[in-house]
>>> print(open('final19.cif').read())   # mmCIF, C-alpha atoms
data_query
loop_
_atom_site.label_atom_id
_atom_site.label_comp_id
_atom_site.auth_asym_id
_atom_site.auth_seq_id
_atom_site.Cartn_x
_atom_site.Cartn_y
_atom_site.Cartn_z
CA MET M 591 16.75 -24.99 -4.47
CA TYR M 592 15.05 -21.85 -3.26
CA ALA M 593 13.10 -20.99 -0.14
CA THR M 594 10.13 -18.74 0.51
CA ALA M 595 9.32 -15.83 -1.77
CA THR M 596 8.69 -12.28 -0.67
CA ILE M 597 6.96 -9.41 -2.46
CA VAL M 598 9.20 -6.68 -3.84
CA LYS M 599 10.19 -4.43 -0.95
CA PRO M 600 8.81 -0.89 -0.84
CA LEU M 601 10.93 1.48 -2.92
CA PRO M 602 11.71 5.13 -2.14
CA PRO M 603 9.02 7.14 -3.95
CA GLU M 604 11.37 10.06 -4.53
CA LEU M 605 13.56 7.85 -6.74
CA PHE M 606 10.96 5.82 -8.64
CA ARG M 607 7.64 5.81 -10.39
CA SER M 608 5.77 2.68 -9.34
CA HIS M 609 4.15 0.28 -11.80
CA GLY M 610 2.71 -2.37 -9.50
CA ALA M 611 5.52 -4.81 -8.64
CA SER M 612 7.86 -2.89 -10.94
CA ALA M 613 9.50 0.49 -10.41
CA GLU M 614 10.85 3.00 -12.92
CA MET M 615 13.94 5.12 -12.33
CA ARG M 616 13.24 8.84 -12.27
CA TRP M 617 15.66 10.62 -14.55
CA ASP M 618 15.77 13.72 -12.37
CA ALA M 619 17.02 11.43 -9.57
CA MET M 620 20.05 10.68 -11.76
CA ALA M 621 21.09 14.35 -11.92
CA GLY M 622 24.45 14.78 -10.24
CA GLN M 623 25.14 11.07 -10.09
CA GLY M 624 28.19 9.45 -11.61
CA TYR M 625 28.42 7.20 -14.60
CA HIS M 626 26.67 4.25 -12.97
CA THR M 627 23.08 4.11 -11.79
CA PRO M 628 23.11 3.81 -7.99
CA THR M 629 21.61 0.51 -6.95
CA ASP M 630 18.81 2.23 -5.04
CA ARG M 631 17.77 4.03 -8.24
CA PHE M 632 18.04 1.08 -10.62
CA PHE M 633 14.70 0.14 -12.17
CA VAL M 634 12.92 -3.07 -11.08
CA ARG M 635 10.96 -5.36 -13.39
CA ASN M 636 9.53 -8.66 -12.15
CA HIS M 637 7.07 -11.06 -13.74
CA THR M 638 5.88 -12.28 -10.32
CA PHE M 639 7.73 -11.41 -7.11
CA THR M 640 11.24 -11.44 -5.72
CA PRO M 641 12.23 -14.89 -4.43
CA SER M 642 14.23 -15.41 -1.26
CA ILE M 643 17.14 -17.70 -2.11
CA ASP M 644 19.68 -19.20 0.29
CA ALA M 645 23.12 -18.87 -1.29
CA ALA M 646 24.42 -21.67 0.95
CA THR M 647 22.18 -24.24 -0.76
CA TRP M 648 21.90 -22.64 -4.19
CA GLN M 649 23.56 -24.28 -7.20
CA LEU M 650 23.85 -23.40 -10.87
CA ALA M 651 23.38 -26.46 -13.08
CA ILE M 652 24.70 -26.58 -16.64
CA HIS M 653 23.26 -29.43 -18.64
CA GLY M 654 21.84 -30.55 -21.98
CA ASP M 655 22.89 -32.44 -25.06
CA GLY M 656 25.10 -29.54 -26.13
CA VAL M 657 27.70 -30.17 -23.38
CA ARG M 658 29.90 -33.19 -22.75
CA CYS M 659 30.28 -32.72 -18.98
CA PRO M 660 27.07 -31.59 -17.26
CA THR M 661 27.91 -30.03 -13.92
CA ALA M 662 26.67 -27.83 -11.08
CA TYR M 663 28.45 -25.09 -9.16
CA THR M 664 27.87 -23.65 -5.70
CA TYR M 665 27.89 -19.94 -4.98
CA ASP M 666 31.36 -20.13 -3.42
CA GLN M 667 32.72 -22.13 -6.35
CA LEU M 668 31.38 -19.57 -8.78
CA ARG M 669 32.94 -16.67 -6.87
CA ALA M 670 36.31 -18.44 -6.88
CA MET M 671 36.41 -18.66 -10.69
CA PRO M 672 38.18 -16.20 -13.02
CA ALA M 673 36.05 -13.06 -12.94
CA ARG M 674 35.35 -10.13 -15.21
CA THR M 675 34.02 -6.66 -14.41
CA LEU M 676 31.69 -5.11 -16.98
CA ASP M 677 29.96 -1.73 -17.20
CA ALA M 678 26.72 -2.52 -19.00
CA ALA M 679 23.18 -1.26 -19.43
CA ILE M 680 20.11 -3.36 -18.80
CA GLU M 681 16.96 -1.99 -20.43
CA CYS M 682 13.44 -3.36 -20.53
CA ALA M 683 12.16 -3.93 -24.08
CA GLY M 684 9.10 -1.86 -23.12
CA ASN M 685 11.09 1.20 -22.07
CA GLY M 686 9.31 4.23 -23.56
CA ARG M 687 6.05 2.33 -24.14
CA ARG M 688 3.79 5.12 -22.91
CA PHE M 689 4.98 7.40 -25.72
CA TYR M 690 3.22 5.22 -28.27
CA GLY M 691 0.07 6.68 -26.75
CA SER M 692 1.12 10.15 -25.62
CA GLN M 693 3.12 11.06 -28.75
CA GLN M 694 1.71 8.85 -31.48
CA ASP M 695 -1.93 8.43 -30.40
CA ALA M 696 -1.63 4.66 -30.58
CA PRO M 697 -1.49 3.28 -27.02
CA ALA M 698 0.19 -0.09 -26.54
CA PRO M 699 -0.67 -2.63 -23.83
CA GLY M 700 1.67 -3.36 -20.95
CA THR M 701 3.53 -1.43 -18.27
CA GLN M 702 3.46 2.23 -19.23
CA TRP M 703 7.15 2.98 -18.82
CA GLY M 704 8.55 6.40 -19.55
CA LEU M 705 12.30 6.31 -20.25
CA GLY M 706 13.36 5.06 -16.81
CA ALA M 707 13.30 1.30 -17.41
CA ILE M 708 17.06 1.33 -17.92
CA GLY M 709 20.15 1.43 -15.74
CA VAL M 710 23.90 1.07 -16.09
CA ALA M 711 25.75 -0.79 -13.36
CA ARG M 712 29.21 -2.19 -12.80
CA TRP M 713 28.65 -5.93 -12.85
CA ARG M 714 31.16 -8.54 -11.73
CA GLY M 715 30.97 -12.24 -12.36
CA VAL M 716 32.12 -15.15 -14.49
CA PRO M 717 31.98 -14.98 -18.30
CA LEU M 718 29.34 -17.45 -19.49
CA ARG M 719 31.83 -18.58 -22.12
CA TYR M 720 34.12 -19.86 -19.36
CA LEU M 721 31.36 -21.93 -17.75
CA LEU M 722 30.27 -23.38 -21.07
CA GLU M 723 33.84 -24.31 -21.97
CA GLN M 724 34.29 -25.96 -18.57
CA ALA M 725 31.18 -28.02 -19.29
CA GLY M 726 32.57 -29.05 -22.67
CA VAL M 727 30.28 -27.13 -25.01
CA GLY M 728 30.26 -28.89 -28.36
CA ALA M 729 30.45 -27.59 -31.90
CA ALA M 730 26.87 -28.77 -32.45
CA ALA M 731 25.46 -26.49 -29.72
CA VAL M 732 22.79 -24.11 -31.07
CA ASP M 733 20.92 -22.48 -28.17
CA VAL M 734 21.53 -21.78 -24.50
CA LEU M 735 18.49 -21.62 -22.22
CA PRO M 736 18.90 -19.87 -18.83
CA ARG M 737 16.06 -20.35 -16.36
CA GLY M 738 15.15 -18.18 -13.36
CA LEU M 739 14.15 -19.39 -9.91
CA ASP M 740 11.29 -16.92 -9.47
CA ALA M 741 7.80 -18.31 -9.07
CA PRO M 742 6.03 -19.56 -12.21
CA PHE M 743 4.30 -16.84 -14.20
CA GLU M 744 0.65 -17.84 -14.58
CA HIS M 745 0.57 -21.14 -16.50
CA TYR M 746 3.75 -20.40 -18.47
CA GLY M 747 6.24 -21.65 -15.90
CA GLN M 748 9.44 -20.00 -14.73
CA VAL M 749 10.94 -17.17 -16.75
CA ARG M 750 13.35 -18.55 -19.34
CA ARG M 751 14.47 -17.31 -22.73
CA PRO M 752 16.99 -18.88 -25.12
CA LEU M 753 20.14 -17.22 -26.40
CA PRO M 754 21.99 -18.29 -29.53
CA VAL M 755 25.24 -19.95 -28.57
CA GLY M 756 27.19 -17.31 -30.50
CA LYS M 757 25.93 -14.55 -28.18
CA ALA M 758 26.36 -16.74 -25.10
CA MET M 759 30.01 -17.33 -26.01
CA ASP M 760 30.63 -13.64 -26.74
CA ASP M 761 30.11 -11.11 -23.95
CA VAL M 762 27.48 -12.54 -21.57
CA LEU M 763 28.29 -12.40 -17.86
CA VAL M 764 27.04 -14.63 -15.03
CA ALA M 765 27.03 -11.82 -12.48
CA TYR M 766 27.06 -12.02 -8.69
CA GLU M 767 27.95 -8.38 -7.90
CA MET M 768 26.32 -5.07 -8.77
CA ASN M 769 28.17 -1.81 -8.16
CA GLY M 770 30.74 -3.51 -5.96
CA ARG M 771 28.36 -5.41 -3.71
CA PRO M 772 26.50 -8.74 -3.86
CA LEU M 773 23.38 -8.55 -6.02
CA PRO M 774 20.35 -7.30 -4.07
CA PRO M 775 17.34 -9.67 -4.12
CA ASP M 776 15.38 -7.40 -6.49
CA HIS M 777 18.22 -7.54 -8.99
CA GLY M 778 18.78 -11.27 -9.05
CA PHE M 779 20.60 -12.54 -5.94
CA PRO M 780 22.50 -14.74 -5.85
CA VAL M 781 23.31 -14.76 -9.59
CA ARG M 782 21.88 -13.28 -12.78
CA LEU M 783 22.81 -13.03 -16.43
CA VAL M 784 23.95 -9.74 -17.94
CA VAL M 785 23.49 -9.77 -21.72
CA PRO M 786 24.98 -6.52 -23.09
CA GLY M 787 23.00 -4.72 -25.79
CA TRP M 788 20.01 -7.06 -25.69
CA ALA M 789 16.55 -6.47 -24.24
CA GLY M 790 16.42 -6.92 -20.48
CA ILE M 791 14.35 -10.11 -20.69
CA ALA M 792 17.55 -11.87 -21.83
CA SER M 793 19.33 -10.96 -18.58
CA ILE M 794 17.59 -13.64 -16.51
CA LYS M 795 17.54 -12.96 -12.76
CA TRP M 796 17.78 -15.53 -9.94
CA LEU M 797 19.56 -17.90 -12.30
CA GLY M 798 19.10 -21.58 -11.45
CA ASP M 799 20.14 -23.62 -14.46
CA ILE M 800 21.38 -23.33 -18.03
CA GLU M 801 20.45 -25.84 -20.69
CA VAL M 802 22.70 -26.12 -23.73
CA ALA M 803 20.91 -27.68 -26.71
CA THR M 804 21.88 -28.88 -30.17
CA ARG M 805 18.58 -27.58 -31.54
CA GLU M 806 16.74 -24.28 -31.59
CA LEU M 807 14.75 -23.76 -28.39
CA PHE M 808 11.40 -22.06 -27.86
CA THR M 809 9.65 -20.76 -24.74
CA PRO M 810 6.76 -18.33 -24.19
CA TRP M 811 9.39 -15.60 -23.70
CA ASN M 812 10.64 -15.79 -27.28
CA THR M 813 7.38 -16.77 -28.99
CA GLU M 814 4.39 -15.17 -27.24
CA PHE M 815 5.82 -12.30 -25.19
CA TYR M 816 9.01 -11.09 -26.88
CA PRO M 817 9.02 -12.46 -30.43
CA ASP M 818 11.87 -11.16 -32.58
CA ILE M 819 13.15 -8.93 -29.77
CA THR M 820 16.91 -8.98 -29.33
CA VAL M 821 19.12 -5.87 -29.68
CA ASN M 822 17.90 -2.63 -28.11
CA PRO M 823 17.62 0.47 -30.36
CA VAL M 824 19.18 3.92 -29.93
CA LYS M 825 17.56 6.25 -27.35
CA SER M 826 18.17 9.44 -25.37
CA ALA M 827 16.94 10.90 -22.10
CA LEU M 828 17.38 14.18 -20.23
CA GLU M 829 18.37 14.24 -16.56
CA LEU M 830 15.42 16.49 -15.95
CA GLY M 831 12.02 16.16 -14.37
CA TRP M 832 8.91 15.89 -16.51
CA ASN M 833 7.37 19.39 -16.78
CA ALA M 834 10.37 20.81 -14.91
CA ALA M 835 10.33 24.55 -14.18
CA ILE M 836 13.31 26.39 -15.71
CA PRO M 837 13.95 30.09 -14.97
CA LEU M 838 13.65 32.55 -17.83
CA GLY M 839 16.82 34.20 -19.10
CA ARG M 840 19.27 32.23 -16.95
CA PRO M 841 22.00 30.11 -18.52
CA GLN M 842 21.30 26.40 -18.13
CA LEU M 843 23.58 23.40 -18.54
CA LEU M 844 21.27 20.54 -19.47
CA ARG M 845 22.54 17.00 -19.14
CA GLY M 846 21.39 13.71 -20.54
CA ARG M 847 22.47 10.24 -21.61
CA SER M 848 22.14 8.30 -24.87
CA TRP M 849 22.61 4.62 -25.58
CA SER M 850 22.22 1.90 -28.20
CA GLY M 851 22.46 -1.87 -28.15
CA ARG M 852 24.00 -1.75 -31.62
CA GLY M 853 27.18 0.15 -30.74
CA ARG M 854 28.74 3.35 -29.43
CA ILE M 855 26.91 6.66 -29.64
CA VAL M 856 28.78 8.98 -32.01
CA LYS M 857 26.54 12.06 -31.99
CA VAL M 858 23.83 13.65 -29.86
CA GLU M 859 21.76 16.62 -31.00
CA VAL M 860 19.33 18.77 -29.02
CA SER M 861 16.55 21.04 -30.26
CA PHE M 862 14.73 23.77 -28.37
CA ASP M 863 12.41 24.85 -31.19
CA GLY M 864 10.45 21.72 -32.03
CA GLY M 865 13.10 20.19 -34.28
CA ARG M 866 13.62 23.06 -36.73
CA ARG M 867 17.21 23.55 -35.60
CA TRP M 868 19.53 21.10 -33.86
CA ARG M 869 22.61 21.77 -31.75
CA THR M 870 25.34 19.19 -31.22
CA ALA M 871 25.75 18.29 -27.56
CA GLU M 872 29.17 17.96 -25.99
CA HIS M 873 30.37 14.81 -24.33
CA HIS M 874 33.46 13.82 -22.38
CA GLY M 875 34.62 10.81 -20.42
CA ARG M 876 33.44 7.26 -20.81
CA HIS M 877 32.18 6.12 -24.17
CA LEU M 878 31.35 2.44 -23.70
CA VAL M 879 29.68 0.28 -26.31
CA SER M 880 27.79 -1.74 -23.67
CA ALA M 881 26.53 1.22 -21.63
CA TRP M 882 25.65 4.86 -22.34
CA LEU M 883 27.15 8.21 -23.26
CA PRO M 884 26.61 11.17 -20.89
CA TRP M 885 26.35 14.54 -22.64
CA HIS M 886 25.52 18.18 -21.95
CA VAL M 887 24.39 21.30 -23.79
CA GLY M 888 24.10 24.94 -22.75
CA TRP M 889 20.90 26.92 -23.24
CA VAL M 890 19.40 30.25 -22.23
CA PRO M 891 15.55 30.18 -22.36
CA ARG M 892 14.28 33.41 -23.92
CA GLN M 893 10.51 32.83 -23.99
CA PRO M 894 8.28 32.01 -21.00
CA GLY M 895 5.65 29.30 -21.08
CA GLU M 896 5.33 25.63 -21.92
CA GLN M 897 7.97 24.25 -24.27
CA VAL M 898 9.54 20.95 -25.26
CA ILE M 899 13.15 19.84 -25.52
CA LEU M 900 14.12 17.18 -28.05
CA ALA M 901 17.24 15.01 -27.94
CA ARG M 902 18.29 12.51 -30.57
CA ALA M 903 21.34 10.30 -30.87
CA THR M 904 23.16 8.48 -33.64
CA ASP M 905 25.18 5.32 -33.07
CA GLU M 906 28.23 3.98 -34.88
CA THR M 907 26.08 1.88 -37.22
CA GLY M 908 24.43 5.07 -38.53
CA ALA M 909 21.12 4.44 -36.74
CA THR M 910 19.50 7.71 -35.63
CA GLN M 911 16.39 8.20 -33.53
CA PRO M 912 13.46 8.81 -35.87
CA PRO M 913 10.62 11.31 -35.39
CA LYS M 914 8.18 8.39 -35.13
CA THR M 915 8.46 4.70 -34.26
CA PRO M 916 6.45 2.14 -36.27
CA GLN M 917 3.73 0.74 -34.09
CA HIS M 918 4.59 -2.46 -32.21
CA PRO M 919 1.73 -4.69 -30.99
CA PHE M 920 3.37 -5.11 -27.57
CA GLY M 921 4.77 -1.59 -27.33
CA TYR M 922 8.41 -2.66 -27.50
CA HIS M 923 11.44 -0.72 -28.71
CA PHE M 924 10.08 2.82 -28.80
CA ASP M 925 13.05 4.71 -30.24
CA ALA M 926 11.54 7.95 -31.55
CA VAL M 927 12.72 11.33 -30.29
CA VAL M 928 10.86 12.01 -27.05
CA ARG M 929 9.18 15.37 -26.60
CA HIS M 930 10.28 16.35 -23.08
CA PRO M 931 7.96 19.07 -21.69
CA ILE M 932 9.25 21.92 -19.53
CA ARG M 933 7.90 25.23 -18.19
CA VAL M 934 9.98 28.37 -18.57
CA VAL M 935 9.04 30.60 -15.64
CA HIS M 936 9.87 34.07 -14.33
CA GLY M 937 12.07 34.28 -11.27
#
>>> encode(input="final19.cif", output="structure tokens")
Amino acid sequence: MYATATIVKPLPPELFRSHGASAEMRWDAMAGQGYHTPTDRFFVRNHTFTPSIDAATWQLAIHGDGVRCPTAYTYDQLRAMPARTLDAAIECAGNGRRFYGSQQDAPAPGTQWGLGAIGVARWRGVPLRYLLEQAGVGAAAVDVLPRGLDAPFEHYGQVRRPLPVGKAMDDVLVAYEMNGRPLPPDHGFPVRLVVPGWAGIASIKWLGDIEVATRELFTPWNTEFYPDITVNPVKSALELGWNAAIPLGRPQLLRGRSWSGRGRIVKVEVSFDGGRRWRTAEHHGRHLVSAWLPWHVGWVPRQPGEQVILARATDETGATQPPKTPQHPFGYHFDAVVRHPIRVVHG
């Protein structure tokens, strides 16, 4: 069903921070961009390496005791089905992991992401609900198990992680386009899942088959590696380089983005004095529950030297970024306010 595999292609260093076979988006590379993350800036996270798949021979199989009519679709058949376009974020559960160590003195194992293991793209594809209905999903269905066609990860097999049927029938997309073009290999060609609001591990790339079961399903990706990890928490990031130099006494318009898997962002606050005082940021334009909220705030730096900028967001459920995140053994879901260092300089 798939051919030879190739290592992730080299990525432009000016746009990414490399983490082995993975690559993190640099937030300063998002400055001046539009609402969506350009495909060449979108973060990459692989368990092994990017497979090379021939769309002409690829098929997506839907099977299991939870459907009455097991079936398989070709790439062309999938593209001919009723489609939906969705602006949605995909975020690695470990986004922000390095701050467990740098801010809370409790380092966590795993890829030491900053805040760049997230991206928002315009995805196009077929609602998973449509495919499941076509296969005759039954009332007894409990879990849906998508499986990727990447190479097996160590002795655990191919990447696969179950979704409850309720989520699968809600807003999940079987996507074949990203930002108006066919998915690039690093992002799941020919087809991937997009699971809005949930940790990126749910958005299986290089999708090969979907099992629908009348029982709860378990794999290493929901027991050993990502136990109890589903909805992503609220976070914020500045479109600014780490330790960026900002001129003293000159008006600045600082921009950032905030997001939450729980719902829309309703407020963003920024502090320039270590959290003693907070200013409400302004925001205009798109305000999508499945993506992020761009915002901006004006500031005139009055003191030279090293400083930090803090940004915190609140979503529609009332969840606000805390000053500290409870330690997680795998370093997932860091949602505390990040202390973004800058240098205020003369000239």
>>> closest_atom_pairs(input="final19.cif", of="range 816-841 of chain M", to="range 700-724 of chain M", cutoff="10 Å", atoms="only C-alpha atoms", output="Markdown table")
| residue | atom | partner | partner_atom | distance |
| --- | --- | --- | --- | --- |
| M:Lys825 | CA | M:Leu705 | CA | 8.8 |
| M:Ser826 | CA | M:Leu705 | CA | 8.4 |
| M:Ala827 | CA | M:Leu705 | CA | 6.8 |
| M:Leu828 | CA | M:Leu705 | CA | 9.4 |
| M:Trp832 | CA | M:Gly704 | CA | 10.0 |
>>> residues_around(input="final19.cif", residues="Ala696 in chain M", least_positions_apart="5", cutoff="10 Å", atoms="all atoms listed in the file", output="VMD selection string")
chain M and resid 688 to 691 917 to 919 921
>>> resolve_selection(input="final19.cif", expression="the PyMOL selection byres ((chain M and resi 884) around 7)", output="list in words")
Gly846, Arg847, Ser848, His873, Trp882, Leu883 and Trp885 of chain M
>>> atom_distance(input="final19.cif", atom1="CA of Leu763 in chain M", atom2="CA of Cys659 in chain M")
20.4 Å
>>> resolve_selection(input="final19.cif", expression="the PyMOL selection byres ((chain M and resi 789-801) around 6)", output="VMD selection string")
chain M and resid 650 to 654 680 to 683 734 to 739 778 to 779 781 to 785 788 802 820 822
>>> resolve_selection(input="final19.cif", expression="the PyMOL selection byres ((chain M and resi 807) around 9)", output="list in words")
Val732, Asp733, Val734, Leu735, Arg751, Pro752, Leu753, Ala803, Thr804, Arg805, Glu806, Phe808 and Thr809 of chain M
>>> residues_around(input="final19.cif", residues="Pro837 in chain M", least_positions_apart="4", cutoff="7 Å", atoms="only C-alpha atoms", output="list in words")
Val934, Val935, His936 and Gly937 of chain M
>>> closest_residue(input="final19.cif", among="M:Arg771, M:His877, M:His777, M:His637", to="Gly853 in chain M", atoms="all atoms listed in the file")
M:His877
>>> closest_residue(input="final19.cif", among="M:Glu814, M:Ala645, M:Thr629, M:Thr664", to="Gly770 in chain M", atoms="only C-alpha atoms")
M:Thr629
>>> atom_distance(input="final19.cif", atom1="CA of Glu829 in chain M", atom2="CA of Gln694 in chain M")
23.0 Å
>>> closest_atom_pairs(input="final19.cif", of="range 821-934 of chain M", to="range 618-621 of chain M", cutoff="8 Å", atoms="all atoms listed in the file", output="CSV")
residue,atom,partner,partner_atom,distance
M:Glu829,CA,M:Asp618,CA,5.0
M:Leu830,CA,M:Asp618,CA,4.5
M:Gly831,CA,M:Asp618,CA,4.9
M:Arg845,CA,M:Ala621,CA,7.8
>>> closest_residue(input="final19.cif", among="M:Thr904, M:Gln842, M:Ser692, M:Thr675", to="Val764 in chain M", atoms="only C-alpha atoms")
M:Thr675
>>> build_atoms(input="final19.cif", residues="range 790-816 of chain M", atoms="N, CA and C atoms", output="PDB file, in the coordinates of the input")
ATOM      1  N   GLY M 790      16.224  -6.459 -21.846  1.00  0.00           N
ATOM      2  CA  GLY M 790      16.420  -6.920 -20.480  1.00  0.00           C
ATOM      3  C   GLY M 790      15.891  -8.309 -20.191  1.00  0.00           C
ATOM      4  N   ILE M 791      14.895  -8.778 -20.927  1.00  0.00           N
ATOM      5  CA  ILE M 791      14.350 -10.110 -20.690  1.00  0.00           C
ATOM      6  C   ILE M 791      15.420 -11.178 -20.879  1.00  0.00           C
ATOM      7  N   ALA M 792      16.473 -10.902 -21.639  1.00  0.00           N
ATOM      8  CA  ALA M 792      17.550 -11.870 -21.830  1.00  0.00           C
ATOM      9  C   ALA M 792      18.428 -12.007 -20.592  1.00  0.00           C
ATOM     10  N   SER M 793      18.466 -10.969 -19.762  1.00  0.00           N
ATOM     11  CA  SER M 793      19.330 -10.960 -18.580  1.00  0.00           C
ATOM     12  C   SER M 793      18.592 -11.596 -17.397  1.00  0.00           C
ATOM     13  N   ILE M 794      18.401 -12.903 -17.476  1.00  0.00           N
ATOM     14  CA  ILE M 794      17.590 -13.640 -16.510  1.00  0.00           C
ATOM     15  C   ILE M 794      18.107 -13.456 -15.093  1.00  0.00           C
ATOM     16  N   LYS M 795      17.195 -13.112 -14.181  1.00  0.00           N
ATOM     17  CA  LYS M 795      17.540 -12.960 -12.760  1.00  0.00           C
ATOM     18  C   LYS M 795      17.313 -14.274 -12.013  1.00  0.00           C
ATOM     19  N   TRP M 796      17.926 -14.375 -10.824  1.00  0.00           N
ATOM     20  CA  TRP M 796      17.780 -15.530  -9.940  1.00  0.00           C
ATOM     21  C   TRP M 796      18.073 -16.834 -10.700  1.00  0.00           C
ATOM     22  N   LEU M 797      19.205 -16.815 -11.385  1.00  0.00           N
ATOM     23  CA  LEU M 797      19.560 -17.900 -12.300  1.00  0.00           C
ATOM     24  C   LEU M 797      19.696 -19.221 -11.555  1.00  0.00           C
ATOM     25  N   GLY M 798      19.051 -20.273 -12.095  1.00  0.00           N
ATOM     26  CA  GLY M 798      19.100 -21.580 -11.450  1.00  0.00           C
ATOM     27  C   GLY M 798      19.740 -22.662 -12.291  1.00  0.00           C
ATOM     28  N   ASP M 799      19.498 -22.631 -13.598  1.00  0.00           N
ATOM     29  CA  ASP M 799      20.140 -23.620 -14.460  1.00  0.00           C
ATOM     30  C   ASP M 799      20.242 -23.079 -15.867  1.00  0.00           C
ATOM     31  N   ILE M 800      21.151 -23.694 -16.639  1.00  0.00           N
ATOM     32  CA  ILE M 800      21.380 -23.330 -18.030  1.00  0.00           C
ATOM     33  C   ILE M 800      21.405 -24.602 -18.852  1.00  0.00           C
ATOM     34  N   GLU M 801      20.461 -24.708 -19.780  1.00  0.00           N
ATOM     35  CA  GLU M 801      20.450 -25.840 -20.690  1.00  0.00           C
ATOM     36  C   GLU M 801      21.152 -25.445 -21.994  1.00  0.00           C
ATOM     37  N   VAL M 802      22.013 -26.332 -22.470  1.00  0.00           N
ATOM     38  CA  VAL M 802      22.700 -26.120 -23.730  1.00  0.00           C
ATOM     39  C   VAL M 802      22.194 -27.181 -24.706  1.00  0.00           C
ATOM     40  N   ALA M 803      21.596 -26.753 -25.812  1.00  0.00           N
ATOM     41  CA  ALA M 803      20.910 -27.680 -26.710  1.00  0.00           C
ATOM     42  C   ALA M 803      21.523 -27.648 -28.102  1.00  0.00           C
ATOM     43  N   THR M 804      21.405 -28.770 -28.785  1.00  0.00           N
ATOM     44  CA  THR M 804      21.880 -28.880 -30.170  1.00  0.00           C
ATOM     45  C   THR M 804      20.758 -28.594 -31.163  1.00  0.00           C
ATOM     46  N   ARG M 805      19.712 -27.941 -30.691  1.00  0.00           N
ATOM     47  CA  ARG M 805      18.580 -27.580 -31.540  1.00  0.00           C
ATOM     48  C   ARG M 805      18.096 -26.197 -31.108  1.00  0.00           C
ATOM     49  N   GLU M 806      17.327 -25.563 -31.946  1.00  0.00           N
ATOM     50  CA  GLU M 806      16.740 -24.280 -31.590  1.00  0.00           C
ATOM     51  C   GLU M 806      15.675 -24.489 -30.526  1.00  0.00           C
ATOM     52  N   LEU M 807      15.671 -23.620 -29.519  1.00  0.00           N
ATOM     53  CA  LEU M 807      14.750 -23.760 -28.390  1.00  0.00           C
ATOM     54  C   LEU M 807      13.681 -22.667 -28.435  1.00  0.00           C
ATOM     55  N   PHE M 808      12.515 -23.003 -27.884  1.00  0.00           N
ATOM     56  CA  PHE M 808      11.400 -22.060 -27.860  1.00  0.00           C
ATOM     57  C   PHE M 808      10.739 -22.084 -26.489  1.00  0.00           C
ATOM     58  N   THR M 809      10.400 -20.905 -25.982  1.00  0.00           N
ATOM     59  CA  THR M 809       9.650 -20.760 -24.740  1.00  0.00           C
ATOM     60  C   THR M 809       8.625 -19.647 -24.955  1.00  0.00           C
ATOM     61  N   PRO M 810       7.695 -19.453 -24.024  1.00  0.00           N
ATOM     62  CA  PRO M 810       6.760 -18.330 -24.190  1.00  0.00           C
ATOM     63  C   PRO M 810       7.458 -16.973 -24.267  1.00  0.00           C
ATOM     64  N   TRP M 811       8.697 -16.889 -23.735  1.00  0.00           N
ATOM     65  CA  TRP M 811       9.390 -15.600 -23.700  1.00  0.00           C
ATOM     66  C   TRP M 811      10.152 -15.283 -24.981  1.00  0.00           C
ATOM     67  N   ASN M 812      10.132 -16.175 -25.955  1.00  0.00           N
ATOM     68  CA  ASN M 812      10.640 -15.790 -27.280  1.00  0.00           C
ATOM     69  C   ASN M 812       9.635 -16.099 -28.393  1.00  0.00           C
ATOM     70  N   THR M 813       8.429 -16.522 -27.988  1.00  0.00           N
ATOM     71  CA  THR M 813       7.380 -16.770 -28.990  1.00  0.00           C
ATOM     72  C   THR M 813       6.155 -15.896 -28.749  1.00  0.00           C
ATOM     73  N   GLU M 814       5.614 -15.937 -27.526  1.00  0.00           N
ATOM     74  CA  GLU M 814       4.390 -15.170 -27.240  1.00  0.00           C
ATOM     75  C   GLU M 814       4.661 -13.759 -26.761  1.00  0.00           C
ATOM     76  N   PHE M 815       5.643 -13.587 -25.866  1.00  0.00           N
ATOM     77  CA  PHE M 815       5.820 -12.300 -25.190  1.00  0.00           C
ATOM     78  C   PHE M 815       6.851 -11.384 -25.843  1.00  0.00           C
ATOM     79  N   TYR M 816       7.944 -11.919 -26.312  1.00  0.00           N
ATOM     80  CA  TYR M 816       9.010 -11.090 -26.880  1.00  0.00           C
ATOM     81  C   TYR M 816       9.482 -11.646 -28.216  1.00  0.00           C
TER      82      TYR M 816
END
